[in-house]
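Undergrad: The file below is model-v9.cif, mmCIF, C-alpha atoms:
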```
data_my_file
#
loop_
_atom_site.group_PDB
_atom_site.id
_atom_site.type_symbol
_atom_site.label_atom_id
_atom_site.label_comp_id
_atom_site.auth_asym_id
_atom_site.auth_seq_id
_atom_site.Cartn_x
_atom_site.Cartn_y
_atom_site.Cartn_z
ATOM 1 C CA MET A 1 -41.577 -8.398 -9.701
ATOM 2 C CA ALA A 2 -41.161 -9.448 -6.080
ATOM 3 C CA GLU A 3 -43.093 -7.572 -3.425
ATOM 4 C CA TRP A 4 -41.257 -4.828 -1.575
ATOM 5 C CA SER A 5 -40.323 -5.334 2.038
ATOM 6 C CA GLY A 6 -38.476 -2.952 4.312
ATOM 7 C CA VAL A 7 -38.070 0.706 3.274
ATOM 8 C CA ARG A 8 -39.127 1.387 -0.306
ATOM 9 C CA MET A 9 -36.491 3.104 -2.441
ATOM 10 C CA THR A 10 -37.755 6.245 -4.189
ATOM 11 C CA LYS A 11 -36.067 9.048 -6.108
ATOM 12 C CA LYS A 12 -37.353 11.637 -3.646
ATOM 13 C CA TYR A 13 -35.880 9.771 -0.684
ATOM 14 C CA LEU A 14 -32.506 9.304 -2.405
ATOM 15 C CA VAL A 15 -32.348 13.007 -3.279
ATOM 16 C CA GLU A 16 -33.042 13.820 0.372
ATOM 17 C CA LEU A 17 -30.194 11.513 1.396
ATOM 18 C CA CYS A 18 -27.872 13.254 -1.071
ATOM 19 C CA GLN A 19 -28.712 16.669 0.339
ATOM 20 C CA ARG A 20 -28.321 15.357 3.877
ATOM 21 C CA HIS A 21 -24.711 14.455 2.990
ATOM 22 C CA ASP A 22 -23.902 17.756 1.231
ATOM 23 C CA GLY A 23 -24.906 16.432 -2.179
ATOM 24 C CA TYR A 24 -27.127 17.848 -4.912
ATOM 25 C CA ARG A 25 -30.793 17.711 -5.896
ATOM 26 C CA THR A 26 -29.902 16.724 -9.465
ATOM 27 C CA PRO A 27 -29.167 12.964 -9.297
ATOM 28 C CA SER A 28 -26.628 12.871 -12.145
ATOM 29 C CA VAL A 29 -24.406 15.532 -10.497
ATOM 30 C CA ASN A 30 -23.669 13.440 -7.398
ATOM 31 C CA ASP A 31 -20.575 11.239 -7.328
ATOM 32 C CA LYS A 32 -21.274 9.671 -3.912
ATOM 33 C CA LEU A 33 -24.429 7.935 -2.753
ATOM 34 C CA TYR A 34 -24.915 7.145 0.933
ATOM 35 C CA LEU A 35 -27.541 4.412 1.235
ATOM 36 C CA HIS A 36 -26.181 2.616 4.304
ATOM 37 C CA GLN A 37 -28.354 1.666 7.272
ATOM 38 C CA GLN A 38 -31.609 2.703 5.594
ATOM 39 C CA GLY A 39 -33.531 -0.567 5.848
ATOM 40 C CA PHE A 40 -33.526 -1.254 2.094
ATOM 41 C CA ARG A 41 -34.133 -4.894 1.189
ATOM 42 C CA ARG A 42 -33.866 -4.258 -2.558
ATOM 43 C CA LEU A 43 -32.166 -1.828 -4.935
ATOM 44 C CA ASP A 44 -34.534 -0.337 -7.515
ATOM 45 C CA PRO A 45 -32.875 -0.034 -10.967
ATOM 46 C CA GLU A 46 -35.556 2.426 -12.124
ATOM 47 C CA VAL A 47 -34.668 4.823 -9.330
ATOM 48 C CA LEU A 48 -30.893 4.378 -9.572
ATOM 49 C CA LYS A 49 -30.705 4.888 -13.341
ATOM 50 C CA GLU A 50 -30.634 8.687 -12.971
ATOM 51 C CA PHE A 51 -27.570 8.600 -10.702
ATOM 52 C CA THR A 52 -25.166 8.291 -13.624
ATOM 53 C CA GLY A 53 -22.154 10.004 -12.028
ATOM 54 C CA ILE A 54 -21.788 7.821 -8.936
ATOM 55 C CA LYS A 55 -18.241 6.704 -8.133
ATOM 56 C CA MET A 56 -18.658 5.606 -4.503
ATOM 57 C CA LEU A 57 -21.710 3.684 -3.276
ATOM 58 C CA TRP A 58 -22.383 2.878 0.382
ATOM 59 C CA LEU A 59 -24.893 0.030 0.870
ATOM 60 C CA GLN A 60 -23.800 -1.597 4.121
ATOM 61 C CA ALA A 61 -26.144 -2.779 6.856
ATOM 62 C CA ASN A 62 -29.389 -2.788 4.889
ATOM 63 C CA GLY A 63 -30.388 -6.440 4.593
ATOM 64 C CA LEU A 64 -29.964 -6.431 0.800
ATOM 65 C CA GLU A 65 -30.375 -9.816 -0.851
ATOM 66 C CA LYS A 66 -29.047 -8.876 -4.294
ATOM 67 C CA LEU A 67 -26.726 -6.446 -6.069
ATOM 68 C CA GLU A 68 -28.483 -4.752 -8.979
ATOM 69 C CA GLY A 69 -29.198 -1.411 -10.608
ATOM 70 C CA PHE A 70 -25.628 -0.475 -11.595
ATOM 71 C CA GLU A 71 -26.270 -0.472 -15.360
ATOM 72 C CA HIS A 72 -26.243 3.354 -15.572
ATOM 73 C CA MET A 73 -23.249 3.938 -13.292
ATOM 74 C CA PRO A 74 -20.293 3.565 -15.675
ATOM 75 C CA LEU A 75 -17.968 5.516 -13.361
ATOM 76 C CA LEU A 76 -18.611 3.356 -10.294
ATOM 77 C CA ARG A 77 -15.281 2.580 -8.562
ATOM 78 C CA ASN A 78 -16.092 1.576 -4.985
ATOM 79 C CA ILE A 79 -18.941 -0.480 -3.511
ATOM 80 C CA ALA A 80 -19.378 -0.956 0.240
ATOM 81 C CA ALA A 81 -22.048 -3.656 0.606
ATOM 82 C CA HIS A 82 -20.901 -5.409 3.783
ATOM 83 C CA GLU A 83 -23.287 -6.589 6.479
ATOM 84 C CA ASN A 84 -26.154 -7.532 4.164
ATOM 85 C CA CYS A 85 -27.886 -10.783 3.163
ATOM 86 C CA ILE A 86 -26.305 -11.253 -0.259
ATOM 87 C CA GLU A 87 -25.857 -14.892 -1.314
ATOM 88 C CA LYS A 88 -24.476 -14.452 -4.820
ATOM 89 C CA ILE A 89 -22.093 -11.982 -6.480
ATOM 90 C CA GLU A 90 -23.829 -10.590 -9.544
ATOM 91 C CA GLY A 91 -24.900 -7.394 -11.283
ATOM 92 C CA LEU A 92 -21.352 -6.066 -11.819
ATOM 93 C CA GLU A 93 -21.018 -6.627 -15.569
ATOM 94 C CA HIS A 94 -21.414 -2.903 -16.347
ATOM 95 C CA SER A 95 -19.008 -1.726 -13.618
ATOM 96 C CA LYS A 96 -15.800 -1.939 -15.652
ATOM 97 C CA GLU A 97 -14.096 0.822 -13.650
ATOM 98 C CA LEU A 98 -14.720 -0.909 -10.322
ATOM 99 C CA ASP A 99 -11.605 -0.669 -8.131
ATOM 100 C CA SER A 100 -12.710 -2.113 -4.785
ATOM 101 C CA ILE A 101 -15.691 -3.985 -3.368
ATOM 102 C CA ASN A 102 -16.507 -4.891 0.224
ATOM 103 C CA LEU A 103 -18.850 -7.856 0.682
ATOM 104 C CA ASN A 104 -17.767 -8.766 4.194
ATOM 105 C CA ARG A 105 -20.357 -10.424 6.436
ATOM 106 C CA ASN A 106 -22.820 -11.697 3.845
ATOM 107 C CA PHE A 107 -23.861 -15.258 2.932
ATOM 108 C CA ILE A 108 -21.748 -15.760 -0.181
ATOM 109 C CA LYS A 109 -20.661 -19.336 -0.909
ATOM 110 C CA LYS A 110 -18.716 -18.869 -4.127
ATOM 111 C CA VAL A 111 -16.444 -16.275 -5.709
ATOM 112 C CA GLU A 112 -17.958 -15.369 -9.071
ATOM 113 C CA GLY A 113 -19.342 -12.468 -11.078
ATOM 114 C CA PHE A 114 -16.054 -10.594 -11.573
ATOM 115 C CA GLU A 115 -15.552 -11.517 -15.236
ATOM 116 C CA HIS A 116 -15.910 -7.883 -16.403
ATOM 117 C CA ASN A 117 -14.081 -6.176 -13.527
ATOM 118 C CA GLN A 118 -10.454 -6.344 -14.574
ATOM 119 C CA ASN A 119 -9.600 -3.088 -12.789
ATOM 120 C CA LEU A 120 -10.373 -4.503 -9.347
ATOM 121 C CA THR A 121 -7.494 -4.053 -6.904
ATOM 122 C CA SER A 122 -9.271 -4.907 -3.641
ATOM 123 C CA ILE A 123 -11.878 -7.588 -2.791
ATOM 124 C CA ASN A 124 -13.187 -8.150 0.737
ATOM 125 C CA LEU A 125 -15.073 -11.436 1.120
ATOM 126 C CA GLY A 126 -14.296 -12.083 4.761
ATOM 127 C CA ASN A 127 -16.864 -13.655 7.081
ATOM 128 C CA ASN A 128 -18.877 -15.440 4.399
ATOM 129 C CA ALA A 129 -19.435 -19.144 3.641
ATOM 130 C CA ILE A 130 -16.817 -19.677 0.902
ATOM 131 C CA GLY A 131 -15.277 -23.150 0.774
ATOM 132 C CA PRO A 132 -14.396 -25.825 1.527
ATOM 133 C CA ASP A 133 -12.577 -26.569 -1.769
ATOM 134 C CA GLY A 134 -10.889 -24.449 -4.427
ATOM 135 C CA GLU A 135 -13.830 -24.549 -6.810
ATOM 136 C CA SER A 136 -15.563 -22.022 -4.608
ATOM 137 C CA TYR A 137 -12.826 -19.380 -4.796
ATOM 138 C CA LYS A 138 -10.595 -20.136 -7.809
ATOM 139 C CA ALA A 139 -12.141 -17.159 -9.661
ATOM 140 C CA VAL A 140 -9.980 -14.760 -7.597
ATOM 141 C CA ALA A 141 -7.079 -15.749 -9.863
ATOM 142 C CA GLU A 142 -9.038 -15.429 -13.117
ATOM 143 C CA ASN A 143 -9.364 -12.202 -15.135
ATOM 144 C CA LEU A 144 -8.241 -10.024 -12.217
ATOM 145 C CA PRO A 145 -4.715 -8.927 -13.248
ATOM 146 C CA LYS A 146 -4.635 -5.854 -10.958
ATOM 147 C CA LEU A 147 -5.810 -7.537 -7.757
ATOM 148 C CA GLN A 148 -3.570 -6.592 -4.810
ATOM 149 C CA THR A 149 -5.705 -6.988 -1.685
ATOM 150 C CA LEU A 150 -7.805 -10.080 -0.960
ATOM 151 C CA ASP A 151 -9.703 -10.795 2.253
ATOM 152 C CA LEU A 152 -10.966 -14.379 2.670
ATOM 153 C CA GLN A 153 -10.740 -14.594 6.437
ATOM 154 C CA ALA A 154 -13.320 -16.454 8.508
ATOM 155 C CA ASN A 155 -14.711 -18.579 5.672
ATOM 156 C CA LYS A 156 -14.783 -22.373 5.295
ATOM 157 C CA ILE A 157 -11.590 -23.010 3.304
ATOM 158 C CA GLU A 158 -9.982 -26.293 4.366
ATOM 159 C CA ASP A 159 -7.068 -26.989 1.995
ATOM 160 C CA GLY A 160 -4.149 -24.616 2.548
ATOM 161 C CA ALA A 161 -1.984 -26.086 -0.212
ATOM 162 C CA GLU A 162 -4.762 -25.689 -2.770
ATOM 163 C CA LEU A 163 -5.401 -22.123 -1.653
ATOM 164 C CA LEU A 164 -1.706 -21.238 -1.927
ATOM 165 C CA ALA A 165 -1.519 -22.706 -5.436
ATOM 166 C CA ILE A 166 -4.462 -20.555 -6.534
ATOM 167 C CA LEU A 167 -3.104 -17.391 -4.907
ATOM 168 C CA GLN A 168 0.229 -17.898 -6.666
ATOM 169 C CA LYS A 169 -1.577 -17.258 -9.972
ATOM 170 C CA ILE A 170 -2.356 -13.675 -8.881
ATOM 171 C CA PRO A 171 0.569 -11.661 -10.308
ATOM 172 C CA ASP A 172 0.780 -8.849 -7.735
ATOM 173 C CA LEU A 173 -0.965 -9.973 -4.544
ATOM 174 C CA ARG A 174 0.279 -7.726 -1.732
ATOM 175 C CA VAL A 175 -2.229 -8.145 1.093
ATOM 176 C CA PHE A 176 -4.008 -11.367 2.078
ATOM 177 C CA TYR A 177 -6.210 -12.235 5.041
ATOM 178 C CA GLY A 178 -6.809 -15.937 5.612
ATOM 179 C CA MET A 179 -7.044 -16.306 9.385
ATOM 180 C CA GLY A 180 -10.200 -17.826 10.798
ATOM 181 C CA ASN A 181 -10.398 -20.572 8.150
ATOM 182 C CA PRO A 182 -10.095 -24.275 9.060
ATOM 183 C CA PHE A 183 -6.894 -24.670 6.990
ATOM 184 C CA VAL A 184 -4.959 -22.325 9.310
ATOM 185 C CA LYS A 185 -4.873 -25.004 11.987
ATOM 186 C CA SER A 186 -4.286 -27.981 9.691
ATOM 187 C CA PHE A 187 -1.799 -26.466 7.219
ATOM 188 C CA ARG A 188 1.484 -26.701 9.127
ATOM 189 C CA HIS A 189 3.712 -23.597 9.161
ATOM 190 C CA TYR A 190 1.037 -21.616 7.367
ATOM 191 C CA ARG A 191 2.697 -18.199 7.626
ATOM 192 C CA LYS A 192 6.173 -19.364 6.582
ATOM 193 C CA ARG A 193 4.834 -21.236 3.560
ATOM 194 C CA PHE A 194 2.595 -18.392 2.400
ATOM 195 C CA VAL A 195 5.308 -15.748 2.803
ATOM 196 C CA ALA A 196 7.802 -17.905 0.904
ATOM 197 C CA GLY A 197 5.288 -18.862 -1.775
ATOM 198 C CA LEU A 198 3.933 -15.356 -2.479
ATOM 199 C CA PRO A 199 6.920 -13.135 -3.355
ATOM 200 C CA SER A 200 4.927 -9.898 -3.731
ATOM 201 C CA LEU A 201 3.107 -10.265 -0.381
ATOM 202 C CA ARG A 202 3.582 -7.289 1.967
ATOM 203 C CA TYR A 203 0.942 -8.010 4.607
ATOM 204 C CA LEU A 204 -0.421 -11.323 5.877
ATOM 205 C CA ASP A 205 -3.287 -11.465 8.345
ATOM 206 C CA ASP A 206 -2.513 -9.403 11.433
ATOM 207 C CA ARG A 207 0.975 -8.092 10.646
ATOM 208 C CA PRO A 208 3.228 -6.894 7.815
ATOM 209 C CA VAL A 209 5.812 -8.984 5.996
ATOM 210 C CA PHE A 210 9.234 -7.340 6.335
ATOM 211 C CA GLU A 211 12.223 -8.159 4.167
ATOM 212 C CA ASP A 212 14.081 -9.956 6.976
ATOM 213 C CA GLU A 213 11.122 -12.275 7.566
ATOM 214 C CA ARG A 214 10.879 -12.964 3.845
ATOM 215 C CA LYS A 215 14.545 -14.026 3.669
ATOM 216 C CA ARG A 216 14.122 -16.311 6.676
ATOM 217 C CA CYS A 217 10.927 -17.890 5.298
ATOM 218 C CA GLU A 218 12.437 -18.446 1.856
ATOM 219 C CA ALA A 219 15.509 -20.131 3.385
ATOM 220 C CA TRP A 220 13.279 -22.223 5.646
ATOM 221 C CA PHE A 221 10.999 -23.303 2.795
ATOM 222 C CA ALA A 222 13.877 -24.149 0.438
ATOM 223 C CA ALA A 223 15.288 -26.572 3.038
ATOM 224 C CA PHE A 224 11.847 -27.846 4.058
ATOM 225 C CA GLY A 225 11.243 -29.121 0.524
ATOM 226 C CA GLU A 226 8.901 -31.846 -0.566
ATOM 227 C CA ASN A 227 10.272 -34.160 2.126
ATOM 228 C CA GLU A 228 9.146 -31.659 4.784
ATOM 229 C CA ASP A 229 12.467 -31.889 6.629
ATOM 230 C CA LEU A 230 11.724 -29.646 9.598
ATOM 231 C CA ASP A 231 15.181 -29.972 11.194
ATOM 232 C CA ALA A 232 16.908 -28.899 7.990
ATOM 233 C CA ALA A 233 14.432 -26.064 7.548
ATOM 234 C CA ASN A 234 15.001 -24.736 11.068
ATOM 235 C CA ALA A 235 18.776 -24.975 10.628
ATOM 236 C CA ALA A 236 18.560 -23.054 7.352
ATOM 237 C CA GLU A 237 16.482 -20.369 9.047
ATOM 238 C CA ARG A 238 19.026 -20.038 11.855
ATOM 239 C CA ASP A 239 21.830 -19.656 9.323
ATOM 240 C CA MET A 240 19.862 -16.987 7.495
ATOM 241 C CA ILE A 241 19.271 -15.125 10.770
ATOM 242 C CA GLN A 242 23.031 -15.071 11.394
ATOM 243 C CA GLN A 243 23.649 -13.955 7.821
ATOM 244 C CA ILE A 244 21.138 -11.118 8.184
ATOM 245 C CA LYS A 245 22.770 -10.011 11.440
ATOM 246 C CA GLN A 246 26.219 -10.048 9.823
ATOM 247 C CA GLU A 247 24.939 -8.043 6.847
ATOM 248 C CA LYS A 248 23.525 -5.440 9.223
ATOM 249 C CA ARG A 249 26.807 -5.249 11.142
ATOM 250 C CA ASP A 250 28.743 -4.816 7.890
ATOM 251 C CA GLN A 251 26.327 -2.160 6.731
ATOM 252 C CA GLU A 252 26.659 -0.287 10.022
ATOM 253 C CA GLU A 253 30.461 -0.438 9.795
ATOM 254 C CA ARG A 254 30.301 0.995 6.281
ATOM 255 C CA ARG A 255 28.080 3.830 7.493
ATOM 256 C CA VAL A 256 30.422 4.622 10.384
ATOM 257 C CA LYS A 257 33.472 4.559 8.087
ATOM 258 C CA ALA A 258 31.747 6.819 5.556
ATOM 259 C CA PHE A 259 30.893 9.277 8.336
ATOM 260 C CA ASP A 260 34.460 9.237 9.679
ATOM 261 C CA ASP A 261 35.833 9.844 6.169
ATOM 262 C CA MET A 262 33.444 12.767 5.724
ATOM 263 C CA ILE A 263 34.563 14.345 9.026
ATOM 264 C CA ARG A 264 38.236 13.796 8.163
ATOM 265 C CA GLU A 265 37.854 15.411 4.751
ATOM 266 C CA ALA A 266 35.940 18.340 6.228
ATOM 267 C CA ARG A 267 38.678 18.934 8.830
ATOM 268 C CA ALA A 268 41.379 18.739 6.175
ATOM 269 C CA ALA A 269 39.543 21.232 3.982
ATOM 270 C CA HIS A 270 39.083 23.556 6.949
ATOM 271 C CA ALA A 271 42.773 23.327 7.871
ATOM 272 C CA ALA A 272 43.767 24.063 4.275
ATOM 273 C CA ALA A 273 41.484 27.098 4.216
ATOM 274 C CA GLU A 274 42.948 28.406 7.485
ATOM 275 C CA ALA A 275 46.491 27.938 6.187
ATOM 276 C CA ALA A 276 45.620 29.807 3.009
ATOM 277 C CA LYS A 277 44.308 32.749 5.051
ATOM 278 C CA GLN A 278 47.513 32.877 7.111
ATOM 279 C CA LEU A 279 49.664 32.869 3.976
ATOM 280 C CA GLU A 280 47.900 35.849 2.409
ATOM 281 C CA GLY A 281 50.387 38.726 2.043
ATOM 282 C CA VAL A 282 53.444 36.460 2.524
ATOM 283 C CA SER A 283 56.044 35.899 -0.202
ATOM 284 C CA PHE A 284 57.355 32.501 -1.233
ATOM 285 C CA SER A 285 60.337 33.115 1.080
ATOM 286 C CA GLY A 286 57.976 33.614 3.988
ATOM 287 C CA ASP A 287 58.630 37.382 4.357
ATOM 288 C CA PRO A 288 55.732 39.840 4.482
ATOM 289 C CA ILE A 289 55.083 41.705 1.231
ATOM 290 C CA HIS A 290 55.259 45.531 1.607
ATOM 291 C CA GLY A 291 53.979 48.096 -0.795
ATOM 292 C CA VAL A 292 55.114 51.726 -1.185
ATOM 293 C CA ASN A 293 52.691 52.713 1.582
ATOM 294 C CA GLY A 294 53.844 50.085 4.028
ATOM 295 C CA PRO A 295 52.581 46.576 4.650
ATOM 296 C CA LEU A 296 49.658 45.504 2.509
ATOM 297 C CA HIS A 297 47.614 44.702 5.599
ATOM 298 C CA ASP A 298 48.828 47.395 7.997
ATOM 299 C CA GLU A 299 46.188 47.708 10.700
ATOM 300 C CA ASN A 300 47.594 51.148 11.663
ATOM 301 C CA ALA A 301 47.477 52.583 8.152
ATOM 302 C CA ASP A 302 45.363 55.696 7.649
ATOM 303 C CA PRO A 303 42.216 54.518 5.807
ATOM 304 C CA ASN A 304 41.705 58.069 4.434
ATOM 305 C CA LYS A 305 45.154 58.270 2.888
ATOM 306 C CA PRO A 306 45.075 57.255 -0.779
ATOM 307 C CA ARG A 307 47.358 54.428 -1.730
ATOM 308 C CA LYS A 308 49.636 54.626 -4.722
ATOM 309 C CA GLN A 309 48.667 52.358 -7.527
ATOM 310 C CA PHE A 310 52.093 52.477 -9.185
ATOM 311 C CA VAL A 311 55.668 52.800 -7.882
ATOM 312 C CA ASP A 312 57.652 55.931 -8.857
ATOM 313 C CA VAL A 313 61.212 55.502 -10.068
ATOM 314 C CA GLU A 314 62.437 57.903 -7.381
ATOM 315 C CA ASP A 315 60.940 55.664 -4.718
ATOM 316 C CA LEU A 316 63.246 52.840 -5.766
ATOM 317 C CA ASP A 317 66.433 54.775 -4.853
#
```
Is it possible to give me this structure as structure tokens?

TA:
Amino acid sequence: MAEWSGVRMTKKYLVELCQRHDGYRTPSVNDKLYLHQQGFRRLDPEVLKEFTGIKMLWLQANGLEKLEGFEHMPLLRNIAAHENCIEKIEGLEHSKELDSINLNRNFIKKVEGFEHNQNLTSINLGNNAIGPDGESYKAVAENLPKLQTLDLQANKIEDGAELLAILQKIPDLRVFYGMGNPFVKSFRHYRKRFVAGLPSLRYLDDRPVFEDERKRCEAWFAAFGENEDLDAANAAERDMIQQIKQEKRDQEERRVKAFDDMIREARAAHAAAEAAKQLEGVSFSGDPIHGVNGPLHDENADPNKPRKQFVDVEDLD
């Protein structure tokens, strides 16, 4: 076993950290483990094996060189291991429930080690040394059917077309960060081509992808084609912009008309109700209806005087 350097990991120290963060003395009861900024250079599997209930593990800013010791954490869902010295992705074969992992700002050169993590939805590998070709990152599109968020910004990826082809194999990619790579400058019309080529994308780099932008990019890319006809592509985008504007005008007109119709119907219903109130107590001929005690709605009638329920024969003479 390699010699320890930095702060040595012990069970006593980890229990103290748990209690410091409102955790428990019994290792297996804790579901969060805060090990960030502690000066650890290694993770000790013998110490970690008692923390069987951990779901969230913070490891950032330690100087770790390797991921290990997760064999007895079957519930582990989130790992924050950014700002370390990790060169290789490994040690995750027992973390089948893993949902997200942050390995930003390490020294990773290749995407690997995710063969058993099919529940991953978010991977952050920004600010590493991945690239320059697709062999170093093609694993992001293999055995990761639930992946939605991928951060590869500030790496060494050079071929934008190759990257796009690999990302298109991810069935539900919604968020992608690629800025800071060499291909961003060399791959012409990077944003338009990625938005058009990734139909499920909702956020690219520093801003969201709205539906109007998607329509414009898809029209642009369809005209751009394999011949890369930029004039035709720009003309198609302009036409789409006009079409979108017209659709919005038509939609607004429909909303205004629907509101006017609602007001008109409400006024008509109100007028009908008012007319019905005015016609109460009036015969079909328009004359007021009188009972044996006078008008049915006589304001001057004595409220204490009982009204006859039936008409006597003598009253008809």

Undergrad: Report as JSON lines: every residue of stretch 1-87 of chain A with an atom at most 9 Å from stretch 108-114 of chain A, its closest pair of atoms, and their distance in Å to one decimal, counting only C-alpha atoms, with rows sorted by chain and ascending residue number.

TA:
```
{"residue": "A:Cys85", "atom": "CA", "partner": "A:Ile108", "partner_atom": "CA", "distance": 8.6}
{"residue": "A:Ile86", "atom": "CA", "partner": "A:Ile108", "partner_atom": "CA", "distance": 6.4}
{"residue": "A:Glu87", "atom": "CA", "partner": "A:Ile108", "partner_atom": "CA", "distance": 4.3}
```

Undergrad: Given the PyMOL selection byres ((chain A and resi 187-200) around 6) and the file above, list the residues it selects as a ChimeraX atom specification.

TA: /A:160,172-174,183-186,201,217-218

Undergrad: Quick one: which residues end up in the PyMOL selection byres ((chain A and resi 167) around 10) for this structure, as a PDB file with C-alpha atoms, in the coordinates of the input?

TA:
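Full text of part-v1.pdb as output:
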```pdb
ATOM      1  CA  TYR A 137     -12.826 -19.380  -4.796  1.00  0.00           C
ATOM      2  CA  LYS A 138     -10.595 -20.136  -7.809  1.00  0.00           C
ATOM      3  CA  VAL A 140      -9.980 -14.760  -7.597  1.00  0.00           C
ATOM      4  CA  ALA A 141      -7.079 -15.749  -9.863  1.00  0.00           C
ATOM      5  CA  LEU A 150      -7.805 -10.080  -0.960  1.00  0.00           C
ATOM      6  CA  ALA A 161      -1.984 -26.086  -0.212  1.00  0.00           C
ATOM      7  CA  GLU A 162      -4.762 -25.689  -2.770  1.00  0.00           C
ATOM      8  CA  LEU A 163      -5.401 -22.123  -1.653  1.00  0.00           C
ATOM      9  CA  LEU A 164      -1.706 -21.238  -1.927  1.00  0.00           C
ATOM     10  CA  ALA A 165      -1.519 -22.706  -5.436  1.00  0.00           C
ATOM     11  CA  ILE A 166      -4.462 -20.555  -6.534  1.00  0.00           C
ATOM     12  CA  GLN A 168       0.229 -17.898  -6.666  1.00  0.00           C
ATOM     13  CA  LYS A 169      -1.577 -17.258  -9.972  1.00  0.00           C
ATOM     14  CA  ILE A 170      -2.356 -13.675  -8.881  1.00  0.00           C
ATOM     15  CA  PRO A 171       0.569 -11.661 -10.308  1.00  0.00           C
ATOM     16  CA  ASP A 172       0.780  -8.849  -7.735  1.00  0.00           C
ATOM     17  CA  LEU A 173      -0.965  -9.973  -4.544  1.00  0.00           C
ATOM     18  CA  PHE A 176      -4.008 -11.367   2.078  1.00  0.00           C
ATOM     19  CA  PHE A 194       2.595 -18.392   2.400  1.00  0.00           C
ATOM     20  CA  GLY A 197       5.288 -18.862  -1.775  1.00  0.00           C
ATOM     21  CA  LEU A 198       3.933 -15.356  -2.479  1.00  0.00           C
TER      22      LEU A 198
END
```

Undergrad: Identify all residues satisfying the PyMOL selection byres ((chain A and resi 38) around 8) in the given file; provide them as a PyMOL selection string.

TA: chain A and resi 7+35-37+39-40+61-62

Undergrad: Residues near A:Lys55, anyone? I mean within 9 Å using all atoms listed in the file, not counting same-chain ones fewer than 2 positions away, as a list in words.

TA: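 My list of contacting residues is Asn30, Asp31, Lys32, Leu33, Thr52, Gly53, Leu57, Met73, Pro74, Leu75, Leu76, Arg77, Asn78, Ile79 and Leu98 of chain A.
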
Undergrad: Residues as selected, C-alpha atoms, written as an mmCIF file, in the frame of the given file, can you do that?

TA:
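Wrote selection-v7.cif, looks like this:
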```cif
data_model
loop_
_atom_site.group_PDB
_atom_site.id
_atom_site.type_symbol
_atom_site.label_atom_id
_atom_site.label_comp_id
_atom_site.auth_asym_id
_atom_site.auth_seq_id
_atom_site.Cartn_x
_atom_site.Cartn_y
_atom_site.Cartn_z
ATOM 1 C CA ASN A 30 -23.669 13.440 -7.398
ATOM 2 C CA ASP A 31 -20.575 11.239 -7.328
ATOM 3 C CA LYS A 32 -21.274 9.671 -3.912
ATOM 4 C CA LEU A 33 -24.429 7.935 -2.753
ATOM 5 C CA THR A 52 -25.166 8.291 -13.624
ATOM 6 C CA GLY A 53 -22.154 10.004 -12.028
ATOM 7 C CA LEU A 57 -21.710 3.684 -3.276
ATOM 8 C CA MET A 73 -23.249 3.938 -13.292
ATOM 9 C CA PRO A 74 -20.293 3.565 -15.675
ATOM 10 C CA LEU A 75 -17.968 5.516 -13.361
ATOM 11 C CA LEU A 76 -18.611 3.356 -10.294
ATOM 12 C CA ARG A 77 -15.281 2.580 -8.562
ATOM 13 C CA ASN A 78 -16.092 1.576 -4.985
ATOM 14 C CA ILE A 79 -18.941 -0.480 -3.511
ATOM 15 C CA LEU A 98 -14.720 -0.909 -10.322
#
```

Undergrad: Any idea what the distance is between atom CA of A:Ala235 and atom CA of A:Glu211?

TA: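 Distance reported for this atom pair: 19.2 Å.
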
Undergrad: Of the candidates A:Lys88, A:Arg8, A:Arg216, A:Lys146, which one gets nearest to A:Asp239 if we count all atoms listed in the file?

TA: A:Arg216

Undergrad: Determine the nearest neighbour of A:Trp58 from the options A:Cys18, A:Ala272, A:Ile89, A:Leu152, counting all atoms listed in the file.

TA: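 Of the candidates, the smallest distance to A:Trp58 is held by A:Cys18.
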
Undergrad: If you measure from atom CA of A:Asn119 to atom CA of A:Asp133, what distance in Å do you get, rounded to one decimal?

TA: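 Spanning atom CA of A:Asn119 to atom CA of A:Asp133 is a straight-line distance of 26.1 Å.
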
Undergrad: At most 9 Å from (-7.0, -16.2, 13.8), file frame, all atoms listed in the file: which residues, as a list in words?

TA: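 Residues close enough to count: Gln153, Ala154, Gly178, Met179, Gly180, Asn181, Val184, Asp205 and Asp206 of chain A.
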
Undergrad: Would you mind exporting C-alpha atoms of the selected residues as a compact mmCIF listing (two decimals), in the coordinates of the input?

TA:
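Once written, out34.txt looks like this:
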```txt
# COMPACT_ATOMS: atom_id res chain seq x y z
CA GLN A 153 -10.74 -14.59 6.44
CA ALA A 154 -13.32 -16.45 8.51
CA GLY A 178 -6.81 -15.94 5.61
CA MET A 179 -7.04 -16.31 9.38
CA GLY A 180 -10.20 -17.83 10.80
CA ASN A 181 -10.40 -20.57 8.15
CA VAL A 184 -4.96 -22.32 9.31
CA ASP A 205 -3.29 -11.46 8.35
CA ASP A 206 -2.51 -9.40 11.43
```

Undergrad: May I have the residues at most 8 Å from (-7.2, -4.8, -7.9) in the file's coordinates, counting only C-alpha atoms, as a CSV table (one decimal) with C-alpha atoms, in the frame of the given file?

TA:
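And here's result14.csv as it stands now:
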```
chain,number,residue,atom,x,y,z
A,99,ASP,CA,-11.6,-0.7,-8.1
A,100,SER,CA,-12.7,-2.1,-4.8
A,118,GLN,CA,-10.5,-6.3,-14.6
A,119,ASN,CA,-9.6,-3.1,-12.8
A,120,LEU,CA,-10.4,-4.5,-9.3
A,121,THR,CA,-7.5,-4.1,-6.9
A,122,SER,CA,-9.3,-4.9,-3.6
A,123,ILE,CA,-11.9,-7.6,-2.8
A,144,LEU,CA,-8.2,-10.0,-12.2
A,145,PRO,CA,-4.7,-8.9,-13.2
A,146,LYS,CA,-4.6,-5.9,-11.0
A,147,LEU,CA,-5.8,-7.5,-7.8
A,148,GLN,CA,-3.6,-6.6,-4.8
A,149,THR,CA,-5.7,-7.0,-1.7
```
